[in-house]
$ cat structure_0.cif   # mmCIF, C-alpha atoms (C1' of nucleotides)
data_model
#
loop_
_atom_site.label_atom_id
_atom_site.label_comp_id
_atom_site.auth_asym_id
_atom_site.auth_seq_id
_atom_site.Cartn_x
_atom_site.Cartn_y
_atom_site.Cartn_z
CA MET A 1 54.60 62.99 105.28
CA ASN A 2 52.28 65.56 106.84
CA VAL A 3 53.00 64.97 110.45
CA ALA A 4 50.11 66.32 112.46
CA ALA A 5 50.47 69.74 113.94
CA ARG A 6 49.62 68.86 117.53
CA GLY A 7 52.59 68.83 119.84
CA ARG A 8 54.86 70.33 117.22
CA PRO A 9 56.57 67.19 116.08
CA GLY A 10 58.82 67.92 113.12
CA LEU A 11 60.95 65.42 111.33
CA ALA A 12 62.61 63.87 114.31
CA GLU A 13 59.54 62.31 115.80
CA ALA A 14 58.55 60.78 112.50
CA MET A 15 61.90 59.14 111.92
CA HIS A 16 62.13 58.27 115.55
CA ALA A 17 58.88 56.40 115.56
CA ALA A 18 59.86 54.57 112.42
CA GLU A 19 63.33 53.52 113.37
CA CYS A 20 64.40 53.60 116.97
CA HIS A 21 63.45 54.43 120.52
CA HIS A 22 66.04 56.83 121.74
CA GLU A 23 65.49 59.91 123.76
CA GLU A 24 65.30 63.17 121.94
CA GLY A 25 68.43 64.68 120.62
CA VAL A 26 70.97 67.21 121.07
CA HIS A 27 68.89 70.36 120.73
CA PRO A 28 65.94 70.28 123.09
CA GLY A 29 64.19 73.26 121.61
CA LEU A 30 63.81 76.44 123.58
CA LYS A 31 61.02 77.34 125.95
CA GLY A 32 60.02 80.13 128.23
CA HIS A 33 62.87 82.30 129.28
CA ALA A 34 65.50 80.91 126.94
CA LEU A 35 63.13 81.28 124.02
CA ARG A 36 62.33 84.88 124.88
CA ARG A 37 66.00 85.63 125.29
CA ALA A 38 66.83 84.20 121.85
CA LEU A 39 64.06 86.21 120.23
CA ALA A 40 65.20 89.36 122.00
CA ALA A 41 68.73 88.76 120.71
CA ALA A 42 67.42 88.47 117.17
CA GLN A 43 65.42 91.62 117.66
CA ALA A 44 68.53 93.40 118.85
CA ARG A 45 70.59 92.23 115.90
CA CYS A 46 67.91 93.48 113.56
CA GLN A 47 67.86 96.90 115.13
CA ALA A 48 71.61 97.05 114.81
CA THR A 49 71.36 96.41 111.06
CA GLN A 50 68.27 98.44 110.26
CA GLU A 51 66.27 95.31 109.55
CA ARG A 52 62.79 94.69 110.82
CA LEU A 53 61.80 91.59 112.76
CA THR A 54 58.15 91.82 111.84
CA GLU A 55 55.45 89.57 113.22
CA PRO A 56 55.57 86.77 110.63
CA ARG A 57 59.35 86.72 110.83
CA ARG A 58 59.34 86.66 114.60
CA ARG A 59 56.71 83.95 114.68
CA VAL A 60 58.53 81.67 112.24
CA LEU A 61 61.78 82.11 114.13
CA GLU A 62 59.95 81.29 117.33
CA LEU A 63 58.58 78.07 115.86
CA LEU A 64 62.03 77.06 114.68
CA LEU A 65 63.58 77.80 118.05
CA GLU A 66 60.92 75.79 119.88
CA ALA A 67 61.45 72.74 117.72
CA ASP A 68 63.66 69.80 118.60
CA ALA A 69 64.54 69.08 115.01
CA PRO A 70 64.43 70.53 111.51
CA LEU A 71 60.98 71.70 110.51
CA LYS A 72 59.48 71.49 107.06
CA ALA A 73 57.98 74.62 105.56
CA TYR A 74 54.54 73.06 105.70
CA ASP A 75 55.02 72.17 109.37
CA LEU A 76 55.56 75.86 109.95
CA ILE A 77 52.58 76.71 107.81
CA ALA A 78 50.38 74.30 109.76
CA THR A 79 51.45 75.48 113.20
CA TYR A 80 51.81 79.16 112.43
CA GLY A 81 48.58 80.46 113.92
CA GLU A 82 48.55 80.68 117.72
CA ASP A 83 44.90 79.69 117.44
CA GLY A 84 45.65 76.77 115.16
CA ALA A 85 44.89 78.51 111.91
CA PRO A 86 47.49 77.78 109.24
CA ALA A 87 49.47 80.47 107.47
CA LYS A 88 49.46 80.99 103.73
CA PRO A 89 52.59 79.53 102.14
CA PRO A 90 54.12 82.82 100.97
CA THR A 91 53.94 84.18 104.50
CA VAL A 92 56.18 81.43 105.77
CA TYR A 93 58.47 81.21 102.76
CA ARG A 94 59.09 84.94 102.85
CA ALA A 95 59.86 84.82 106.52
CA LEU A 96 62.25 81.94 105.94
CA ASP A 97 64.00 83.89 103.18
CA PHE A 98 64.48 86.76 105.56
CA LEU A 99 65.71 84.58 108.40
CA GLU A 100 68.20 82.92 106.10
CA ARG A 101 69.43 86.25 104.74
CA GLN A 102 70.04 87.46 108.27
CA GLY A 103 71.69 84.22 109.32
CA PHE A 104 68.97 83.44 111.88
CA ALA A 105 68.03 80.21 110.16
CA HIS A 106 69.42 77.72 107.70
CA ARG A 107 67.87 75.51 105.10
CA ILE A 108 68.93 71.89 105.05
CA GLU A 109 68.77 70.97 101.40
CA SER A 110 68.78 67.24 101.79
CA LEU A 111 65.74 67.39 104.07
CA ASN A 112 63.85 70.31 102.58
CA ALA A 113 63.72 71.55 106.11
CA PHE A 114 64.82 74.46 108.24
CA VAL A 115 66.59 74.99 111.54
CA PRO A 116 67.38 78.06 113.59
CA CYS A 117 71.04 78.97 113.61
CA ARG A 118 72.52 77.49 116.77
CA LEU A 119 75.88 79.15 116.49
CA ASP A 120 76.61 82.46 118.12
CA ALA A 121 77.12 84.02 114.77
CA GLU A 122 77.59 87.64 115.58
CA GLY A 123 80.12 87.26 112.83
CA GLU A 124 78.70 87.58 109.37
CA ASN A 125 77.43 84.92 106.97
CA HIS A 126 79.10 81.79 108.14
CA THR A 127 78.94 78.57 106.19
CA ALA A 128 76.38 76.31 107.73
CA ALA A 129 77.23 72.65 107.97
CA PHE A 130 75.18 69.89 109.53
CA LEU A 131 75.49 66.47 111.04
CA ILE A 132 72.14 64.80 110.46
CA CYS A 133 71.22 61.68 112.36
CA SER A 134 69.52 59.12 110.11
CA CYS A 135 67.95 57.53 113.13
CA CYS A 136 66.47 60.29 115.25
CA GLY A 137 66.43 63.08 112.68
CA ALA A 138 68.34 65.54 114.81
CA ALA A 139 70.55 67.98 112.95
CA GLU A 140 73.53 69.47 114.66
CA GLU A 141 75.17 72.51 113.18
CA PHE A 142 78.92 72.76 113.20
CA GLU A 143 81.67 74.93 111.80
CA PRO A 144 83.28 73.05 108.97
CA ASP A 145 86.89 73.34 108.05
CA LEU A 146 86.62 73.94 104.35
CA SER A 147 90.18 74.85 103.57
CA PRO A 148 91.08 71.71 101.60
CA GLY A 149 87.96 71.81 99.51
CA LEU A 150 88.26 75.48 98.79
CA ALA A 151 91.87 75.07 97.83
CA ALA A 152 90.86 72.44 95.30
CA ALA A 153 88.21 74.75 93.89
CA GLN A 154 90.61 77.64 93.54
CA ALA A 155 93.11 75.36 91.88
CA LYS A 156 90.48 74.80 89.20
CA GLY A 157 89.94 78.52 88.83
CA TYR A 158 86.64 78.74 90.65
CA VAL A 159 85.66 81.57 92.93
CA VAL A 160 83.50 80.06 95.65
CA ALA A 161 80.78 82.19 97.16
CA SER A 162 79.04 79.76 99.47
CA VAL A 163 79.17 76.14 100.49
CA THR A 164 76.56 73.64 101.59
CA LEU A 165 77.77 70.69 103.62
CA GLU A 166 75.46 68.04 105.02
CA ALA A 167 76.70 64.82 106.58
CA ARG A 168 74.40 61.92 107.42
CA GLY A 169 75.11 59.31 109.97
CA LEU A 170 74.32 58.34 113.52
CA CYS A 171 74.47 60.66 116.48
CA PRO A 172 76.14 59.42 119.66
CA ALA A 173 72.84 58.53 121.31
CA CYS A 174 71.53 56.50 118.36
CA ARG A 175 74.87 54.84 117.75
CA ALA A 176 74.99 53.67 121.33
CA GLY A 177 71.36 52.55 121.43
CA MET B 1 60.82 76.90 85.25
CA ASN B 2 59.75 74.41 82.65
CA VAL B 3 62.34 74.97 80.00
CA ALA B 4 61.02 73.64 76.72
CA ALA B 5 62.11 70.20 75.69
CA ARG B 6 63.45 71.08 72.23
CA GLY B 7 67.19 71.02 71.96
CA ARG B 8 67.63 69.48 75.39
CA PRO B 9 68.44 72.62 77.31
CA GLY B 10 68.70 71.88 81.01
CA LEU B 11 69.49 74.38 83.68
CA ALA B 12 72.56 75.92 82.18
CA GLU B 13 70.85 77.50 79.23
CA ALA B 14 68.18 79.03 81.37
CA MET B 15 70.64 80.68 83.73
CA HIS B 16 72.88 81.51 80.85
CA ALA B 17 70.19 83.39 79.01
CA ALA B 18 69.27 85.23 82.17
CA GLU B 19 72.66 86.25 83.35
CA CYS B 20 75.58 86.14 81.00
CA HIS B 21 76.78 85.31 77.55
CA HIS B 22 79.59 82.88 77.97
CA GLU B 23 80.22 79.80 75.99
CA GLU B 24 79.02 76.54 77.37
CA GLY B 25 80.84 74.99 80.22
CA VAL B 26 83.22 72.46 81.26
CA HIS B 27 81.26 69.34 80.39
CA PRO B 28 80.16 69.42 76.78
CA GLY B 29 77.83 66.46 77.02
CA LEU B 30 78.59 63.26 75.20
CA LYS B 31 77.62 62.38 71.65
CA GLY B 32 78.03 59.58 69.21
CA HIS B 33 80.94 57.37 69.95
CA ALA B 34 81.81 58.76 73.37
CA LEU B 35 78.20 58.43 74.43
CA ARG B 36 77.97 54.83 73.27
CA ARG B 37 81.21 54.04 75.01
CA ALA B 38 79.98 55.48 78.31
CA LEU B 39 76.75 53.52 78.07
CA ALA B 40 78.64 50.36 77.27
CA ALA B 41 80.83 50.89 80.31
CA ALA B 42 77.75 51.24 82.49
CA GLN B 43 76.32 48.12 80.95
CA ALA B 44 79.53 46.28 81.73
CA ARG B 45 79.58 47.43 85.32
CA CYS B 46 76.01 46.24 85.74
CA GLN B 47 76.79 42.81 84.40
CA ALA B 48 79.71 42.59 86.78
CA THR B 49 77.39 43.24 89.73
CA GLN B 50 74.34 41.26 88.62
CA GLU B 51 72.38 44.44 88.10
CA ARG B 52 70.22 45.12 85.07
CA LEU B 53 70.58 48.22 82.94
CA THR B 54 67.05 48.05 81.65
CA GLU B 55 65.65 50.34 78.98
CA PRO B 56 64.32 53.16 81.18
CA ARG B 57 67.55 53.16 83.17
CA ARG B 58 69.67 53.16 80.06
CA ARG B 59 67.60 55.93 78.50
CA VAL B 60 67.75 58.20 81.55
CA LEU B 61 71.48 57.69 81.83
CA GLU B 62 71.81 58.53 78.14
CA LEU B 63 69.90 61.79 78.60
CA LEU B 64 72.09 62.75 81.54
CA LEU B 65 75.26 61.97 79.62
CA GLU B 66 74.14 63.99 76.61
CA ALA B 67 73.41 67.06 78.69
CA ASP B 68 75.75 69.99 79.22
CA ALA B 69 74.47 70.71 82.67
CA PRO B 70 72.39 69.29 85.50
CA LEU B 71 68.95 68.17 84.39
CA LYS B 72 65.76 68.44 86.39
CA ALA B 73 63.65 65.33 86.76
CA TYR B 74 60.92 66.94 84.69
CA ASP B 75 63.40 67.79 81.94
CA LEU B 76 64.11 64.08 81.78
CA ILE B 77 60.43 63.30 81.84
CA ALA B 78 59.76 65.71 79.00
CA THR B 79 62.57 64.49 76.75
CA TYR B 80 62.36 60.82 77.59
CA GLY B 81 60.53 59.55 74.53
CA GLU B 82 62.64 59.30 71.41
CA ASP B 83 59.50 60.35 69.57
CA GLY B 84 58.88 63.28 71.87
CA ALA B 85 56.38 61.55 74.11
CA PRO B 86 57.02 62.29 77.76
CA ALA B 87 57.59 59.59 80.36
CA LYS B 88 55.47 59.12 83.42
CA PRO B 89 57.18 60.56 86.53
CA PRO B 90 57.71 57.25 88.35
CA THR B 91 59.54 55.84 85.34
CA VAL B 92 62.16 58.54 85.55
CA TYR B 93 62.34 58.76 89.33
CA ARG B 94 62.82 55.02 89.59
CA ALA B 95 65.55 55.08 87.00
CA LEU B 96 67.25 57.92 88.85
CA ASP B 97 67.09 55.97 92.10
CA PHE B 98 68.79 53.07 90.41
CA LEU B 99 71.45 55.21 88.78
CA GLU B 100 72.23 56.85 92.08
CA ARG B 101 72.41 53.52 93.88
CA GLN B 102 74.89 52.29 91.31
CA GLY B 103 76.90 55.49 91.39
CA PHE B 104 76.12 56.28 87.75
CA ALA B 105 74.45 59.54 88.64
CA HIS B 106 74.24 62.05 91.45
CA ARG B 107 71.54 64.29 92.73
CA ILE B 108 72.44 67.90 93.39
CA GLU B 109 70.25 68.83 96.32
CA SER B 110 70.53 72.57 96.02
CA LEU B 111 69.30 72.45 92.43
CA ASN B 112 66.84 69.57 92.57
CA ALA B 113 68.73 68.30 89.57
CA PHE B 114 70.80 65.36 88.42
CA VAL B 115 74.12 64.78 86.71
CA PRO B 116 75.87 61.68 85.45
CA CYS B 117 78.91 60.74 87.48
CA ARG B 118 81.91 62.17 85.70
CA LEU B 119 84.52 60.47 87.84
CA ASP B 120 85.95 57.10 86.90
CA ALA B 121 84.47 55.57 89.95
CA GLU B 122 85.23 51.92 89.57
CA GLY B 123 85.80 52.28 93.26
CA GLU B 124 82.66 52.04 95.32
CA ASN B 125 80.33 54.73 96.58
CA HIS B 126 82.43 57.84 96.53
CA THR B 127 81.28 61.10 98.05
CA ALA B 128 80.04 63.38 95.34
CA ALA B 129 80.94 67.03 95.63
CA PHE B 130 80.15 69.80 93.19
CA LEU B 131 81.29 73.21 92.14
CA ILE B 132 78.22 74.92 90.74
CA CYS B 133 78.56 78.05 88.65
CA SER B 134 75.95 80.66 89.58
CA CYS B 135 76.35 82.23 86.20
CA CYS B 136 76.28 79.47 83.60
CA GLY B 137 74.75 76.71 85.70
CA ALA B 138 77.50 74.20 85.00
CA ALA B 139 78.25 71.75 87.78
CA GLU B 140 81.66 70.20 88.03
CA GLU B 141 82.16 67.15 90.15
CA PHE B 142 85.27 66.86 92.23
CA GLU B 143 86.75 64.66 94.92
CA PRO B 144 86.52 66.56 98.17
CA ASP B 145 89.00 66.24 100.96
CA LEU B 146 86.70 65.66 103.87
CA SER B 147 89.22 64.71 106.51
CA PRO B 148 88.89 67.83 108.68
CA GLY B 149 85.11 67.74 108.65
CA LEU B 150 84.97 64.05 109.40
CA ALA B 151 87.44 64.45 112.19
CA ALA B 152 85.22 67.10 113.73
CA ALA B 153 82.20 64.83 113.41
CA GLN B 154 83.96 61.91 115.03
CA ALA B 155 85.14 64.15 117.81
CA LYS B 156 81.47 64.77 118.57
CA GLY B 157 80.77 61.06 118.55
CA TYR B 158 79.02 60.88 115.21
CA VAL B 159 79.45 58.05 112.76
CA VAL B 160 79.20 59.58 109.31
CA ALA B 161 77.74 57.48 106.53
CA SER B 162 77.62 59.94 103.66
CA VAL B 163 78.34 63.55 102.89
CA THR B 164 76.82 66.08 100.54
CA LEU B 165 78.99 69.00 99.54
CA GLU B 166 77.87 71.67 97.09
CA ALA B 167 79.83 74.87 96.51
CA ARG B 168 78.45 77.82 94.54
CA GLY B 169 80.50 80.39 92.81
CA LEU B 170 81.84 81.34 89.43
CA CYS B 171 83.58 79.00 87.05
CA PRO B 172 86.76 80.20 85.36
CA ALA B 173 84.95 81.13 82.15
CA CYS B 174 82.25 83.19 83.86
CA ARG B 175 84.70 84.80 86.24
CA ALA B 176 86.81 85.96 83.33
CA GLY B 177 83.86 87.15 81.24
"C1'" DA C 1 50.92 115.53 103.56
"C1'" DC C 2 53.62 113.01 99.80
"C1'" DT C 3 56.07 109.49 98.04
"C1'" DA C 4 59.33 105.75 97.71
"C1'" DT C 5 60.34 101.37 99.49
"C1'" DG C 6 59.65 97.33 101.52
"C1'" DC C 7 56.36 94.07 103.86
"C1'" DT C 8 52.01 91.70 104.05
"C1'" DG C 9 47.71 89.22 102.50
"C1'" DT C 10 45.61 86.61 99.01
"C1'" DT C 11 44.64 83.83 94.99
"C1'" DA C 12 46.12 80.85 92.03
"C1'" DC C 13 49.31 77.83 90.13
"C1'" DA C 14 53.88 75.61 89.04
"C1'" DA C 15 57.39 72.31 90.13
"C1'" DC C 16 58.89 68.27 92.49
"C1'" DA C 17 58.00 63.61 94.14
"C1'" DT C 18 55.67 59.28 95.66
"C1'" DA C 19 51.78 55.72 96.98
"C1'" DA C 20 49.39 52.01 95.39
"C1'" DC C 21 48.32 48.44 92.48
"C1'" DA C 22 48.15 45.74 88.27
"C1'" DT C 23 51.15 43.59 84.91
"C1'" DC C 24 55.19 41.81 82.98
"C1'" DT C 25 59.85 39.59 82.72
"C1'" DG C 26 63.60 37.05 83.91
"C1'" DT C 27 65.48 33.27 86.89
"C1'" DG C 28 65.65 29.32 89.40
"C1'" DT C 29 62.86 25.19 90.90
"C1'" DT C 30 59.83 21.32 90.69
"C1'" DA D 1 57.27 22.49 80.62
"C1'" DA D 2 54.81 24.55 84.45
"C1'" DC D 3 55.44 27.09 88.53
"C1'" DA D 4 56.61 30.50 91.80
"C1'" DC D 5 59.39 34.17 93.28
"C1'" DA D 6 61.67 38.62 93.00
"C1'" DG D 7 62.31 42.63 90.87
"C1'" DA D 8 61.04 45.99 87.09
"C1'" DT D 9 57.63 48.38 84.68
"C1'" DG D 10 53.16 50.88 83.43
"C1'" DT D 11 49.47 53.60 85.09
"C1'" DT D 12 46.46 56.41 87.83
"C1'" DA D 13 46.09 59.40 91.15
"C1'" DT D 14 47.66 62.26 94.67
"C1'" DG D 15 50.82 64.37 97.98
"C1'" DT D 16 54.48 67.78 98.91
"C1'" DT D 17 57.19 71.83 98.12
"C1'" DG D 18 57.62 76.40 96.32
"C1'" DT D 19 56.37 80.88 93.58
"C1'" DA D 20 54.15 84.46 90.43
"C1'" DA D 21 51.39 88.21 90.50
"C1'" DC D 22 48.97 91.86 92.32
"C1'" DA D 23 46.47 94.69 95.74
"C1'" DG D 24 46.86 96.96 100.07
"C1'" DC D 25 49.44 98.60 104.21
"C1'" DA D 26 53.25 100.49 107.01
"C1'" DT D 27 57.39 102.95 107.73
"C1'" DA D 28 60.77 106.38 106.98
"C1'" DG D 29 62.51 110.36 104.43
"C1'" DT D 30 61.33 114.75 102.34
#
$ encode --input "structure_0.cif" --output "structure tokens"
Amino acid sequence: MNVAARGRPGLAEAMHAAECHHEEGVHPGLKGHALRRALAAAQARCQATQERLTEPRRRVLELLLEADAPLKAYDLIATYGEDGAPAKPPTVYRALDFLERQGFAHRIESLNAFVPCRLDAEGENHTAAFLICSCCGAAEEFEPDLSPGLAAAQAKGYVVASVTLEARGLCPACRAG
Amino acid sequence: MNVAARGRPGLAEAMHAAECHHEEGVHPGLKGHALRRALAAAQARCQATQERLTEPRRRVLELLLEADAPLKAYDLIATYGEDGAPAKPPTVYRALDFLERQGFAHRIESLNAFVPCRLDAEGENHTAAFLICSCCGAAEEFEPDLSPGLAAAQAKGYVVASVTLEARGLCPACRAG
DNA sequence: ACTATGCTGTTACAACATAACATCTGTGTT
DNA sequence: AACACAGATGTTATGTTGTAACAGCATAGT
């Protein structure tokens, strides 16, 4: 893999180039005012919970928010420095751990990649579920209805603590194109 | 990680040792006659579809079937040789690709580990879903009811090709203990 | 100021996975 | 039988993803 750092590409561009020629997806990535507003909101939520949005955490969240698509840890590492200098891996992985704990970001297991949480989750730890486009690489978060699955689990005597749900397919744009 | 190869441990034992003292889980792992029968069934299904259950494929499937819990690729690599000699990584990864394509095995993304398919899936490519015990490491496959999630996806215009569903929690044994 | 706790920086390494290419094996064709 | 093709394997090397361990720093409570 190792998509170059310039222009902050992420997964989408790679898959895009390989497979189709559609316009970029559903989540344009934040810039300028919207970006600052999202970071300020995260800051505020941290203050409310006695957590600290320190510089590496803020920076990693910023990179995720700017991106159009899921980012790999090593994409974050490569683009971390404002001057172009890469971060050390633990810096980024620790920030990602924090962001996941706080619900600011999610890991997409099937991609080994990360996205900022796009849902207004003032509410606590929601279950993250994703629709991942095989063509353009975009990943859209949605609120799954897990009731049938959880019922099945309870019927077997399990106590479920968390659920990962990742669906692959084609987004509307790529399906049409 | 790197659990030693002796005794074919897998994930469960590692977590087990670390966290609790329950008896081994839901899927004892096949031996002797049951094992041979499962392998013969796989062989038969391959002949029916013009596929070849070659030696590395058969061996990797055998190791998965014998195990009590999900196995990491490098567990398979380490225990591959009947004489104790390890396999080369591509040997095992290629066999796993084949077994997944045929529906004989599944990858559990959140563990980077593999299990044999425990469902009588004569029927084609079913969606694999797992209940994973955080305590003993056992992973139980079940048939998820995806209708609500798929409906939501279609409502957004997505065409879903495949779904990954992994739930973590406590199995009945560990919950009780 | 003192100290406990959590965060950061750094080095080094472990764990997971694949590219590339040569060789072999089975199958169908000439 | 010889051939050629497709797919499987063996092998080397390398790429990608993730963490352990420890030293130093910052913040908040006493």
$ resolve_selection --input "structure_0.cif" --expression "the PyMOL selection byres ((chain A and resi 154) around 12)" --output "PyMOL selection string"
(chain A and resi 147-153+155-161) or (chain B and resi 131+167+169-172+175)
$ interface_residues --input "structure_0.cif" --of "chain C" --to "chain A" --cutoff "10 Å" --atoms "only C-alpha atoms (C1' of nucleotides)" --output "CSV table (one decimal) with C-alpha atoms (C1' of nucleotides), keeping the file's coordinate frame"
chain,number,residue,atom,x,y,z
C,7,DC,C1',56.4,94.1,103.9
C,8,DT,C1',52.0,91.7,104.0
C,9,DG,C1',47.7,89.2,102.5
C,10,DT,C1',45.6,86.6,99.0
$ closest_residue --input "structure_0.cif" --among "D:DG15, D:DA2, D:DA28, D:DA21" --to "chain A" --atoms "all atoms listed in the file"
D:DG15
$ resolve_selection --input "structure_0.cif" --expression "the PyMOL selection byres ((chain D) within 12 of (chain A))" --output "list in words"
DG15, DT16, DT17, DG18, DT19, DA20, DA26, DT27 and DA28 of chain D
$ closest_residue --input "structure_0.cif" --among "A:Leu119, A:Ala78, A:Ala173, A:Ala67" --to "chain B" --atoms "all atoms listed in the file"
A:Ala173
$ resolve_selection --input "structure_0.cif" --expression "the PyMOL selection byres ((chain A and resi 31) around 12)" --output "ChimeraX atom specification"
/A:27-30,32-39,62-68
$ atom_distance --input "structure_0.cif" --atom1 "CA of Thr79 in chain B" --atom2 "CA of Leu61 in chain B"
12.3 Å
$ closest_residue --input "structure_0.cif" --among "A:Arg45, A:His126, A:Arg107, A:Arg58" --to "chain B" --atoms "all atoms listed in the file"
A:Arg107
$ atom_distance --input "structure_0.cif" --atom1 "CA of His106 in chain A" --atom2 "CA of Pro70 in chain A"
9.5 Å
$ closest_residue --input "structure_0.cif" --among "B:Ala40, B:Ala129, B:Glu109, B:Glu141" --to "chain A" --atoms "all atoms listed in the file"
B:Glu109
$ axis_aligned_box --input "structure_0.cif" --around "range 10-19 of chain D" --padding-each-side "4 Å" --output "JSON"
{"center_x": 51.9, "center_y": 65.9, "center_z": 91.2, "size_x": 19.5, "size_y": 38.0, "size_z": 23.5}
$ residues_around --input "structure_0.cif" --residues "Glu100 in chain A" --least-positions-apart "2" --cutoff "12 Å" --atoms "only C-alpha atoms (C1' of nucleotides)" --output "count of residues only"
25
$ residues_around --input "structure_0.cif" --residues "DC2 in chain C" --least-positions-apart "2" --cutoff "12 Å" --atoms "only C-alpha atoms (C1' of nucleotides)" --output "PDB file with C-alpha atoms (C1' of nucleotides), keeping the file's coordinate frame"
ATOM      1  C1'  DA C   4      59.330 105.750  97.710  1.00  0.00           C
TER       2       DA C   4
ATOM      3  C1'  DG D  29      62.510 110.360 104.430  1.00  0.00           C
ATOM      4  C1'  DT D  30      61.330 114.750 102.340  1.00  0.00           C
TER       5       DT D  30
END
$ atom_distance --input "structure_0.cif" --atom1 "CA of Thr49 in chain A" --atom2 "C1' of DG6 in chain C"
15.1 Å
$ closest_residue --input "structure_0.cif" --among "A:Leu53, A:Ala139, A:Ala85, A:Leu99" --to "chain B" --atoms "only C-alpha atoms"
A:Ala139
